[in-house]
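Q: Please read through the structure below; I'll follow up with questions.
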Amino acid sequence: MTEKILANRYRLTEQIGMGGMAIVYRAVDLRTGHNVAVKVLRPEYNEDREFISRFQREAEAASKMTHHNIVNLLDVGMDGENRYLVMEYVQGKTLKAVIQERGKLNAPLACQIAIRILSALEHAHRNGIVHRDIKPQNILVHEDGHIKVADFGIARIADSATLTRGDNVMGSVHYFSPEQARGEGATAASDIYSTGVVLYEMLTGRVPFDGDNPVAVAMQHLHAAPVPIQTLAPDVPPAVVRVCMKAMEKNPAMRYQSARDMAADLRAALDERGEQAVFPENELEVRQPKPQITGERNSSTGSRRRIIHTPDRRARRIILDAVIALAVLAGLILGGKAIYDQTIFTVKVPNVMGMNIEEAVKVLKQVGLTETHKAMPSDQVELNQVYVQNPDADTTIRKGDAVILVISSGPVPFEMPDVVGKTAEEATSLLTEKKMTITRDRAASSDVPKGSVMNQVPAAGTQVTRDDPVTLTISGGSTVVPMLTGCTLEEAEELLTRQNLILMPSLKYVTTEDEKEHGLIASSSPEAENRVAEDTPVQLTLCRYPEAVSTAAMSFRVPESDQQLKVRVSIRAEQSSVAVDTRTYTLEPEDPRVIEDTVDIPDGRTYTYTVYIGEQQQEQKVLVPGTLGRDGTGNE
C-alpha cells in the first residue's frame, strides 16, 4: 500500500511495522506536511461488526487523551474498506530494541523511563482507560530521549485478540498479569504488573519468565517466582528492587494501587531519602465547582460587600428529594432490565477442558456460544484435546460471544540431536531423556570404533517430536566368517570364537545318506568369507544320518506361583560357552508344574540343560543320550 493516499490526505511512504491486527506505515499529512504514523486494520477484520464497534469506541476514547508521554491519536477514518488510525510519528526506536542493543540499563535510567510510563498510565487510568498491553515493543524512545507509550487507541480490542492473533501472542504473554493469564478482565493493577515486568527487563536485560510456548509462560506468571534481580544485576539498589517486586505481586491487592504511587516510590528510591515525590500539579488537578460570588453595593457606604448566593434550604430539600426519587426509579428500571438481560442474553461458560475439539465445539454451540481455537504443542495433552479455555468455566458472558480454546497439536517439536560418533550407551541415554523410542541396528565397520553410532535416522537437525521413532546403526567392528563346512560342531565353535563371532542357539539339520557326514557342518549363514560385524550370530546346519540320531529326555519341576512364569532352558556342551539350543516355556498359575521334553544330541559330547526362571538359575542336569532314568528325566 506504500504510495497510496488515504482519504486524499495521508500519503503512505513506508511500512514500519506489522502486528496481528494491523499494518503500520509512515505517512505524510498532505495538509500539514508533517510525518504521521498510520495504522491500517487488516482486511479480514473489516466485516467483524463487534470488532469494528469496539475499534471505534476505543479510538474515540483515545482521542480524548492528551499527554506528553502518550503517542496521541490524531485522526480516525475510513477509505473504501480500509479503516485506519492516524497517530503522531515518533522518530526513534522501541524500548525493546534499546534493551536488545544495550542489554541491562542502569538503575537511574530504567527508573526514569518507568516513571514516564507510569505518568502516561496515571493519565489514562484517570480517564477510565486501561492499556492492557504494556510491553517494551509499545514504548517508543524518541531520538531526543523522550518516552512515548503507544497503542492506547486499540488497547481494549487487543485484549480479545492477543491469544488468537498469531504474532501478537509471544510478544504480549511475557508481560501478562496473572489475572490476564487466567482470562480475567484487565484493570489498572494489570498495567502496573506489566510495568513491573518492563522495569525488571530494563534492570536485568531479560524477561522474568520465558518458555517454549505462550501457555508455559502464562503458567509461570501464575505460579513461578522470577530470578532475583540482585542475582542478575547486583548493582541495582535494594529500594528499586522492592518497588519492582511489589509491582509484580501475583495478587493485585498486594501491588501498587495507582501508577502515581509506584512512580512516587521510584522517585524516592532514586533520591535515597525516602521522600514521597509526587507528579506535577497539573497531573493531579481536579476541578471542583465553585460557589458563585457577586458584588452588592452598600447604599449607605457605597462600598461593595461579597455575597455568596446559596439556594433556599427548603428549595434545596425539595430538589434533593426529587433527585433521590428519580434515582430510585432509574435504579428499579435499570435493575429490572439488567436482570432481564442477565437471564435472556447471558450464559455461563461450560467446562470443555480435556474434551476433543469437535466435542468442545458441540458443547459450546448447545449453550449459544461460538469458539475460536489455536493449536499449540504439548507433551502432556493428547492431540486435538482442549487444555486451555478463556474465559474459565462458569464465567458469565453474553450469548454469541466467542470462547478462546487452546488445543494440543501433539508433542512439542525439537531439533534432533547429533549422536553420530557417540557410544551406543551415550546416544541411548540422550534420546531416552527426550522420551524417544529407539531401535538399534548393527553393521560392520573398520572405520568407526566398535560400539559407536555410525548413522542415525532422523538426521541431526531435523525437527522431530518424542513420538518419532529413532533408528541407530551401531558399529560392530569388522570380521570375516570362516570356512566351516566339513568341520565338527566343536571345531566350528572354536573357529567362530577366534573370529569374534557367536553361534546362533538354534541348530538346523539336513539329512545325509553318508554315515561319515553325520554331525559335520553342511553350511553356515552368513556364508564363509563374508565380512560382518563382530558378535554376529552364525546359523549352522548339521548333517544328520537318521540311524545315528541320538536323543535324550529332560524333565524339571517349576515352583508353584500365582503369577504367570516364563521358564527358559539353555542346552550346551560341557566346557563350551555356546548354547546349541534354547527353549522358552510359559506357565499360567493353573498349569502343571512338571515340564517334560526331548532334545536331539548333535554330537558325542556330554550336554547339560540349565533351567532359568527370569534371570534366576533353578537347576542344572546332564542329558544322557538314548536313556531314561527311573524318574523319567534321563537321570538317576
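All residue names refer to the C-alpha cells as shown: chains lettered A, B, ... in order, residues numbered from 1 in each chain, ligands numbered from 1 in order.
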Range 104-266 of chain A: which residues are strand (DSSP E or B) by DSSP, as a PyMOL selection string?

A: chain A and resi 139-142+147-149

Q: Write a file of the just-selected residues containing all heavy atoms, as a PDB file, in the first residue's frame.

A:
ATOM      1  N   ILE A 139       6.559   0.803  23.846  1.00  0.00           N
ATOM      2  CA  ILE A 139       7.168   2.012  24.419  1.00  0.00           C
ATOM      3  C   ILE A 139       8.164   2.557  23.394  1.00  0.00           C
ATOM      4  O   ILE A 139       9.116   1.860  23.020  1.00  0.00           O
ATOM      5  CB  ILE A 139       7.901   1.707  25.749  1.00  0.00           C
ATOM      6  CG1 ILE A 139       6.994   0.916  26.701  1.00  0.00           C
ATOM      7  CG2 ILE A 139       8.388   3.006  26.377  1.00  0.00           C
ATOM      8  CD1 ILE A 139       5.704   1.588  27.065  1.00  0.00           C
ATOM      9  N   LEU A 140       7.936   3.772  22.933  1.00  0.00           N
ATOM     10  CA  LEU A 140       8.798   4.369  21.907  1.00  0.00           C
ATOM     11  C   LEU A 140       9.764   5.352  22.558  1.00  0.00           C
ATOM     12  O   LEU A 140       9.376   6.149  23.410  1.00  0.00           O
ATOM     13  CB  LEU A 140       7.951   5.076  20.845  1.00  0.00           C
ATOM     14  CG  LEU A 140       6.894   4.203  20.145  1.00  0.00           C
ATOM     15  CD1 LEU A 140       6.157   5.009  19.083  1.00  0.00           C
ATOM     16  CD2 LEU A 140       7.538   2.968  19.523  1.00  0.00           C
ATOM     17  N   VAL A 141      11.006   5.269  22.140  1.00  0.00           N
ATOM     18  CA  VAL A 141      12.048   6.164  22.654  1.00  0.00           C
ATOM     19  C   VAL A 141      12.445   7.095  21.519  1.00  0.00           C
ATOM     20  O   VAL A 141      13.040   6.668  20.522  1.00  0.00           O
ATOM     21  CB  VAL A 141      13.280   5.367  23.147  1.00  0.00           C
ATOM     22  CG1 VAL A 141      14.325   6.320  23.716  1.00  0.00           C
ATOM     23  CG2 VAL A 141      12.857   4.332  24.191  1.00  0.00           C
ATOM     24  N   HIS A 142      12.061   8.360  21.636  1.00  0.00           N
ATOM     25  CA  HIS A 142      12.398   9.341  20.608  1.00  0.00           C
ATOM     26  C   HIS A 142      13.906   9.529  20.560  1.00  0.00           C
ATOM     27  O   HIS A 142      14.608   9.313  21.548  1.00  0.00           O
ATOM     28  CB  HIS A 142      11.687  10.663  20.916  1.00  0.00           C
ATOM     29  CG  HIS A 142      11.664  11.617  19.765  1.00  0.00           C
ATOM     30  ND1 HIS A 142      12.726  12.424  19.449  1.00  0.00           N
ATOM     31  CD2 HIS A 142      10.693  11.885  18.841  1.00  0.00           C
ATOM     32  CE1 HIS A 142      12.427  13.167  18.392  1.00  0.00           C
ATOM     33  NE2 HIS A 142      11.199  12.850  17.998  1.00  0.00           N
ATOM     34  N   ILE A 147      10.089   9.755  26.033  1.00  0.00           N
ATOM     35  CA  ILE A 147       9.398   8.462  26.117  1.00  0.00           C
ATOM     36  C   ILE A 147       7.925   8.631  25.751  1.00  0.00           C
ATOM     37  O   ILE A 147       7.245   9.525  26.246  1.00  0.00           O
ATOM     38  CB  ILE A 147       9.509   7.862  27.529  1.00  0.00           C
ATOM     39  CG1 ILE A 147      10.973   7.707  27.931  1.00  0.00           C
ATOM     40  CG2 ILE A 147       8.780   6.515  27.601  1.00  0.00           C
ATOM     41  CD1 ILE A 147      11.775   6.795  27.039  1.00  0.00           C
ATOM     42  N   LYS A 148       7.443   7.719  24.869  1.00  0.00           N
ATOM     43  CA  LYS A 148       6.044   7.750  24.454  1.00  0.00           C
ATOM     44  C   LYS A 148       5.461   6.342  24.568  1.00  0.00           C
ATOM     45  O   LYS A 148       6.038   5.375  24.085  1.00  0.00           O
ATOM     46  CB  LYS A 148       5.921   8.215  23.001  1.00  0.00           C
ATOM     47  CG  LYS A 148       6.297   9.678  22.770  1.00  0.00           C
ATOM     48  CD  LYS A 148       5.097  10.573  22.989  1.00  0.00           C
ATOM     49  CE  LYS A 148       5.393  12.014  22.552  1.00  0.00           C
ATOM     50  NZ  LYS A 148       4.203  12.866  22.697  1.00  0.00           N
ATOM     51  N   VAL A 149       4.278   6.238  25.195  1.00  0.00           N
ATOM     52  CA  VAL A 149       3.565   4.965  25.270  1.00  0.00           C
ATOM     53  C   VAL A 149       2.600   4.888  24.093  1.00  0.00           C
ATOM     54  O   VAL A 149       1.814   5.808  23.877  1.00  0.00           O
ATOM     55  CB  VAL A 149       2.791   4.831  26.592  1.00  0.00           C
ATOM     56  CG1 VAL A 149       2.025   3.506  26.644  1.00  0.00           C
ATOM     57  CG2 VAL A 149       3.749   4.936  27.772  1.00  0.00           C
TER      58      VAL A 149
END

Q: Residues at most 8 Å from range 32-47 of chain A, counting only C-alpha atoms, excluding those fewer than 2 positions away in the same chain, as number ranges by chain?

A: A: 12, 21-30, 49, 51-52, 81-89

Q: Could you state the separation of CA of Leu405 in chain A and CA of Asn390 in chain A in Å, given to one decimal place?

A: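 Calculated distance between CA of Leu405 in chain A and CA of Asn390 in chain A is 6.5 Å.
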
Q: Pick out the closest residue to Leu222 in chain A from this set: A:Thr551, A:Asn251, A:Asn384, A:Ser408. Count only C-alpha atoms.

A: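 Ranking A:Thr551, A:Asn251, A:Asn384, A:Ser408 by distance to Leu222 in chain A, first place goes to A:Asn251.
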
Q: Rank A:Met436, A:Met202, A:Ile357, A:Cys111 by their smallest atom-to-atom distance to Val243 in chain A, using only C-alpha atoms, and report the top residue only.

A: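 Selected residue with least distance to Val243 in chain A: A:Cys111.
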
Q: CA of Ala124 in chain A and CA of Lys246 in chain A are how many Å apart?

A: 21.2 Å

Q: At what distance in Å, to one decimal, does CA of Ile438 in chain A lie from CA of Val470 in chain A?

A: 4.8 Å

Q: Near range 495-502 of chain A, within 12 Å and counting only C-alpha atoms, which residues show up once chain neighbours fewer than 3 positions away are dropped, as a ChimeraX atom specification?

A: /A:476-485,487-492,505-506,524-526,528-540,576-580

Q: Keeping only C-alpha atoms, take the residues you just selected and write them out as a short mmCIF file (atom, residue, chain, number, x, y, z; two decimals), in the first residue's frame.

A:
data_model
loop_
_atom_site.label_atom_id
_atom_site.label_comp_id
_atom_site.auth_asym_id
_atom_site.auth_seq_id
_atom_site.Cartn_x
_atom_site.Cartn_y
_atom_site.Cartn_z
CA GLY A 476 30.04 -53.77 15.34
CA GLY A 477 33.66 -53.64 14.25
CA SER A 478 34.64 -55.96 11.39
CA THR A 479 35.46 -59.64 10.98
CA VAL A 480 35.17 -62.43 8.39
CA VAL A 481 33.05 -65.59 8.57
CA PRO A 482 35.48 -68.59 8.47
CA MET A 483 35.07 -71.68 6.30
CA LEU A 484 33.12 -74.12 8.47
CA THR A 485 31.82 -76.72 6.01
CA CYS A 487 34.02 -79.19 10.50
CA THR A 488 32.61 -80.77 13.59
CA LEU A 489 30.37 -78.64 15.77
CA GLU A 490 33.14 -78.37 18.38
CA GLU A 491 35.66 -77.21 15.73
CA ALA A 492 33.16 -74.71 14.34
CA PRO A 505 21.48 -71.05 19.58
CA SER A 506 19.21 -72.98 17.23
CA SER A 524 26.65 -71.59 7.52
CA SER A 525 24.72 -68.35 7.30
CA PRO A 526 26.25 -65.86 6.69
CA ALA A 528 32.18 -68.16 4.53
CA GLU A 529 34.33 -65.18 3.51
CA ASN A 530 31.53 -62.64 4.20
CA ARG A 531 32.65 -59.56 6.13
CA VAL A 532 30.31 -58.95 9.06
CA ALA A 533 30.18 -57.14 12.38
CA GLU A 534 31.77 -58.79 15.37
CA ASP A 535 29.43 -60.79 17.62
CA THR A 536 27.21 -61.55 14.63
CA PRO A 537 25.28 -64.81 15.28
CA VAL A 538 26.08 -67.51 12.72
CA GLN A 539 23.43 -70.09 11.86
CA LEU A 540 24.90 -73.60 11.38
CA SER A 576 31.51 -74.82 25.95
CA SER A 577 30.18 -71.30 26.39
CA VAL A 578 27.88 -71.60 23.38
CA ALA A 579 24.28 -72.78 23.68
CA VAL A 580 23.25 -75.06 20.85
#
